[in-house]
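Notes follow the structure.
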Amino acid sequence: MLREGWSRPIEGVDVWHRHAGTGPTVLLTAGVHGDEYEGPAALIECIDHLRYTPVTGRVIVIPVANPMAWRGASRLSPEDGLNLARVFPGKAHGTPTEHLASQIWTLAEEADFLIDLHSGGSDYTFLPLAGYYGNASLDAACRFGLPVLWNLPETNGVLSCEMHRCGKTAVGCEYLGGGQLSRPGVQAYTRGVRSCLALWGLLPNEQPRPANGDRYTGDWMLAEAEGAFVATARLGDMVEAGASLATIRNTRGEPLQEFKAATHGRVLAIRSKGYIRKGDWGVLVAKYA
Ligand SMILES: [Zn+2]
């Protein structure tokens, strides 16, 4: 691989790389879902910075990890209908998405640290947050600088989760969504990535940001019916246990399912699309941890 510059070690995927001096290896990914835009834009800005600043170690940057989904502006790969964020470490001889995952995983195995940038995509919206797994990645998540820290539930096939299971430090971030590209999100992601690179010793001329963020723990409530998704709760609301958050209604307006808060907590994320199917995410209420 080049000491610095763009290459295509993975077929069809642009990878930027810089290797200088002695230090750890960091993998930065975005565009695992093709309808999320802050992460790819932020990683391009990070590359522009990394070209001209001293680096000690190795940085591998993949702004758009899933070009199939990116071209489709979709969460899933149109080629096989799979979610790249559920198939890591992938299969070398699997479907196009599984094959892609196995190639990205080859780079991930060389990395000591991972930051994977997401957003809510077309269908969801998240409070700006840094997600972490246990204590190993909590410090990095705090230094990312976003106001919310989410103790990520372990989910098979998610890049950050599988890296965490291999003993690596992995952070996964979210910033709004709804298919938009938030300029403040791009700026926050760029600052956060640089802060973590400084924390991990790759940027000798920069300091990590002070620790920040309130810790929350919780997971999504899923739809058990199909219909209109009528939300009453709003992103960021503090809610009491039992509070009504959203209802799924049929074409006669009759309620099919009501989402109620299981605990006192905060709405960290909510579906932004007005239609929902069985198994889709509805509302994520997390409690202060
Ligand atoms: Zn995503």
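Starting from 1 in every chain, residues are counted up; chains themselves are A, B, ... following the order of the structure tokens, and ligands are numbered from 1 as listed.
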Show me which residues sit within 10 Å of ligand 1 when counting only C-alpha atoms and all ligand atoms, and put them as a VMD selection string.
chain A and resid 30 to 37 39 75 to 76 83 to 85 116 to 122 124 158 172 to 175 177
Could you save those same residues with C-alpha atoms as a tab-separated table (two decimals), in the first residue's frame?
```tsv
chain	number	residue	atom	x	y	z
A	30	ALA	CA	-18.36	6.00	6.98
A	31	GLY	CA	-20.93	5.22	4.34
A	32	VAL	CA	-21.52	1.69	5.62
A	33	HIS	CA	-25.14	2.69	4.97
A	34	GLY	CA	-25.61	4.49	1.66
A	35	ASP	CA	-28.16	7.06	2.87
A	36	GLU	CA	-26.00	8.68	5.56
A	37	TYR	CA	-24.05	11.76	4.55
A	39	GLY	CA	-19.69	10.75	7.94
A	75	ARG	CA	-29.45	1.69	3.75
A	76	LEU	CA	-29.18	-1.78	2.17
A	83	ASN	CA	-27.23	-4.57	5.44
A	84	LEU	CA	-23.43	-4.21	5.46
A	85	ALA	CA	-23.69	-3.34	9.16
A	116	ASP	CA	-17.39	4.21	12.37
A	117	LEU	CA	-19.52	7.25	11.47
A	118	HIS	CA	-23.24	6.79	10.86
A	119	SER	CA	-26.43	8.82	11.02
A	120	GLY	CA	-30.11	7.95	11.03
A	121	GLY	CA	-30.21	7.64	7.24
A	122	SER	CA	-33.47	8.17	5.38
A	124	TYR	CA	-34.41	7.55	11.39
A	158	VAL	CA	-21.86	-4.60	13.20
A	172	GLY	CA	-19.67	4.26	16.57
A	173	CYS	CA	-21.27	7.69	16.08
A	174	GLU	CA	-24.69	8.97	15.01
A	175	TYR	CA	-25.76	12.47	13.97
A	177	GLY	CA	-30.50	11.69	9.82
```
Once you count only C-alpha atoms, what closest atom pair and distance in Å to one decimal does each residue of region 94-158 of chain A within 10 Å of region 54-58 of chain A have, with rows by chain and rising residue number, as a Markdown table?
```
| residue | atom | partner | partner_atom | distance |
| --- | --- | --- | --- | --- |
| A:Glu110 | CA | A:Arg58 | CA | 9.9 |
| A:Ala111 | CA | A:Arg58 | CA | 8.7 |
| A:Asp112 | CA | A:Arg58 | CA | 9.9 |
```
Please produce a file of the residues just selected, as a compact mmCIF listing (two decimals), in the first residue's frame, where the atoms kept are N, CA and C atoms.
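In the end it all went to result.txt:
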```txt
# COMPACT_ATOMS: atom_id res chain seq x y z
N GLU A 110 -6.02 -5.21 10.75
CA GLU A 110 -4.73 -4.54 10.91
C GLU A 110 -4.82 -3.36 11.87
N ALA A 111 -6.05 -2.95 12.22
CA ALA A 111 -6.24 -1.73 12.99
C ALA A 111 -6.32 -2.01 14.49
N ASP A 112 -5.81 -1.04 15.28
CA ASP A 112 -5.94 -1.09 16.74
C ASP A 112 -7.19 -0.35 17.20
```
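Considering only C-alpha atoms, the residue among A:Gly192, A:Gly282, A:Pro9, A:Pro210 positioned nearest to Val171 (chain A) is A:Gly192.
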Output as a PyMOL selection string all residues of region 33-147 of chain A that backbone DSSP marks as helix (DSSP H, G or I).
chain A and resi 38-50+67-71+84-86+96-108+134-144
Residue subset to file, keeping C-alpha atoms, as a PDB file, in the first residue's frame:
```
ATOM      1  CA  GLU A  38     -22.296  13.501   7.476  1.00  0.00           C
ATOM      2  CA  GLY A  39     -19.695  10.755   7.939  1.00  0.00           C
ATOM      3  CA  PRO A  40     -18.439  10.623   4.332  1.00  0.00           C
ATOM      4  CA  ALA A  41     -18.192  14.436   4.157  1.00  0.00           C
ATOM      5  CA  ALA A  42     -16.376  14.600   7.499  1.00  0.00           C
ATOM      6  CA  LEU A  43     -13.840  11.954   6.491  1.00  0.00           C
ATOM      7  CA  ILE A  44     -13.023  13.911   3.315  1.00  0.00           C
ATOM      8  CA  GLU A  45     -12.356  16.947   5.532  1.00  0.00           C
ATOM      9  CA  CYS A  46     -10.220  14.785   7.840  1.00  0.00           C
ATOM     10  CA  ILE A  47      -8.171  13.599   4.860  1.00  0.00           C
ATOM     11  CA  ASP A  48      -7.606  17.225   3.791  1.00  0.00           C
ATOM     12  CA  HIS A  49      -6.273  17.871   7.295  1.00  0.00           C
ATOM     13  CA  LEU A  50      -4.214  14.680   7.578  1.00  0.00           C
ATOM     14  CA  PRO A  67     -20.567   2.101  -2.811  1.00  0.00           C
ATOM     15  CA  MET A  68     -23.471  -0.204  -3.841  1.00  0.00           C
ATOM     16  CA  ALA A  69     -25.764   1.266  -1.180  1.00  0.00           C
ATOM     17  CA  TRP A  70     -24.325   4.764  -1.777  1.00  0.00           C
ATOM     18  CA  ARG A  71     -25.296   4.675  -5.444  1.00  0.00           C
ATOM     19  CA  LEU A  84     -23.427  -4.205   5.461  1.00  0.00           C
ATOM     20  CA  ALA A  85     -23.689  -3.345   9.157  1.00  0.00           C
ATOM     21  CA  ARG A  86     -25.000  -6.844   9.963  1.00  0.00           C
ATOM     22  CA  PRO A  96     -21.639  -8.985  -2.945  1.00  0.00           C
ATOM     23  CA  THR A  97     -22.236  -7.394   0.488  1.00  0.00           C
ATOM     24  CA  GLU A  98     -20.719 -10.326   2.390  1.00  0.00           C
ATOM     25  CA  HIS A  99     -17.702 -10.280   0.063  1.00  0.00           C
ATOM     26  CA  LEU A 100     -17.302  -6.521   0.586  1.00  0.00           C
ATOM     27  CA  ALA A 101     -17.460  -7.007   4.365  1.00  0.00           C
ATOM     28  CA  SER A 102     -14.717  -9.645   4.242  1.00  0.00           C
ATOM     29  CA  GLN A 103     -12.440  -7.267   2.307  1.00  0.00           C
ATOM     30  CA  ILE A 104     -13.059  -4.383   4.727  1.00  0.00           C
ATOM     31  CA  TRP A 105     -12.495  -6.824   7.592  1.00  0.00           C
ATOM     32  CA  THR A 106      -9.015  -7.590   6.227  1.00  0.00           C
ATOM     33  CA  LEU A 107      -8.145  -3.908   6.772  1.00  0.00           C
ATOM     34  CA  ALA A 108      -9.946  -3.861  10.121  1.00  0.00           C
ATOM     35  CA  GLY A 134     -17.824  -0.998  27.870  1.00  0.00           C
ATOM     36  CA  ASN A 135     -14.944   0.900  29.442  1.00  0.00           C
ATOM     37  CA  ALA A 136     -12.400   0.266  26.687  1.00  0.00           C
ATOM     38  CA  SER A 137     -13.977   2.670  24.250  1.00  0.00           C
ATOM     39  CA  LEU A 138     -15.744   4.956  26.760  1.00  0.00           C
ATOM     40  CA  ASP A 139     -12.756   7.287  27.103  1.00  0.00           C
ATOM     41  CA  ALA A 140     -12.511   7.722  23.339  1.00  0.00           C
ATOM     42  CA  ALA A 141     -16.276   8.306  23.079  1.00  0.00           C
ATOM     43  CA  CYS A 142     -16.031  11.008  25.805  1.00  0.00           C
ATOM     44  CA  ARG A 143     -13.227  12.751  23.926  1.00  0.00           C
ATOM     45  CA  PHE A 144     -15.179  12.722  20.670  1.00  0.00           C
TER      46      PHE A 144
END
```
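Relative to CA of Cys161 (chain A), CA of Ala188 (chain A) is found at 22.7 Å.
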Skip Arg215 (chain A) itself and residues of its chain fewer than 4 positions away, then list as an MDAnalysis selection string all residues within 12 Å of it, counting only C-alpha atoms.
chainID A and resid 129:135 138:139 141:142 146:152 211 265:266 268 286:289
With only C-alpha atoms as the basis for distance, which of A:Arg165, A:Gly145, A:Glu154, A:Thr22 is at the shortest distance from Gln187 (chain A)?
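For Gln187 (chain A), the nearest of the candidates is A:Gly145.
Relative to CA of Glu226 (chain A), CA of Asn156 (chain A) is found at 25.2 Å.
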Which is closer to Asp80 (chain A) than all the others in A:Leu176, A:Gly94, A:Arg252, A:Glu11, using only C-alpha atoms?
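Between A:Leu176, A:Gly94, A:Arg252, A:Glu11, the residue approaching Asp80 (chain A) most closely is A:Gly94.
The nearest approach to Glu109 (chain A) among the residues A:Val186, A:Leu127, A:Leu181, A:Leu27, with only C-alpha atoms taken into account, belongs to A:Leu27.
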Between A:Ala223, A:Ala65, A:Ala20, A:Ala262, which is the closest to Arg8 (chain A) once you count only C-alpha atoms?
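Checking each of A:Ala223, A:Ala65, A:Ala20, A:Ala262 against Arg8 (chain A), counting only C-alpha atoms, the winner is A:Ala65.
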Could you give me, as a ChimeraX atom specification, the residues within 8 Å of Met163 (chain A), counting only C-alpha atoms and dropping anything in the same chain fewer than 5 positions from it?
/A:108,114,168-170
Preceding selection exported with C-alpha atoms as a CSV table (one decimal), in the first residue's frame:
```
chain,number,residue,atom,x,y,z
A,108,ALA,CA,-9.9,-3.9,10.1
A,114,LEU,CA,-11.9,2.1,14.8
A,168,LYS,CA,-10.0,-3.4,19.7
A,169,THR,CA,-11.2,0.1,20.8
A,170,ALA,CA,-14.2,0.9,18.7
```
Using DSSP on the backbone coordinates, identify all residues within region 135-205 of chain A classified as strand (DSSP E); present the result as JSON, numbers by chain.
{"A": [148, 149, 150, 151, 169, 170, 171, 172, 173, 174, 175, 176, 177]}
Just the residues within 12 Å of Arg234 (chain A), please, counting only C-alpha atoms, with nothing from its chain fewer than 3 positions along; format it as an MDAnalysis selection string.
chainID A and resid 125:127 230:231 237:239 244:246 266:272 283:285
Rank A:Gly167, A:Pro128, A:Gly236, A:Pro63 by their smallest atom-to-atom distance to Gly185 (chain A), using only C-alpha atoms, and report the top residue only.
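Of all the options, A:Pro128 lies closest to Gly185 (chain A).
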d(CA of His19 (chain A), CA of Thr53 (chain A)) in Å:
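Those two atoms sit 12.1 Å apart.
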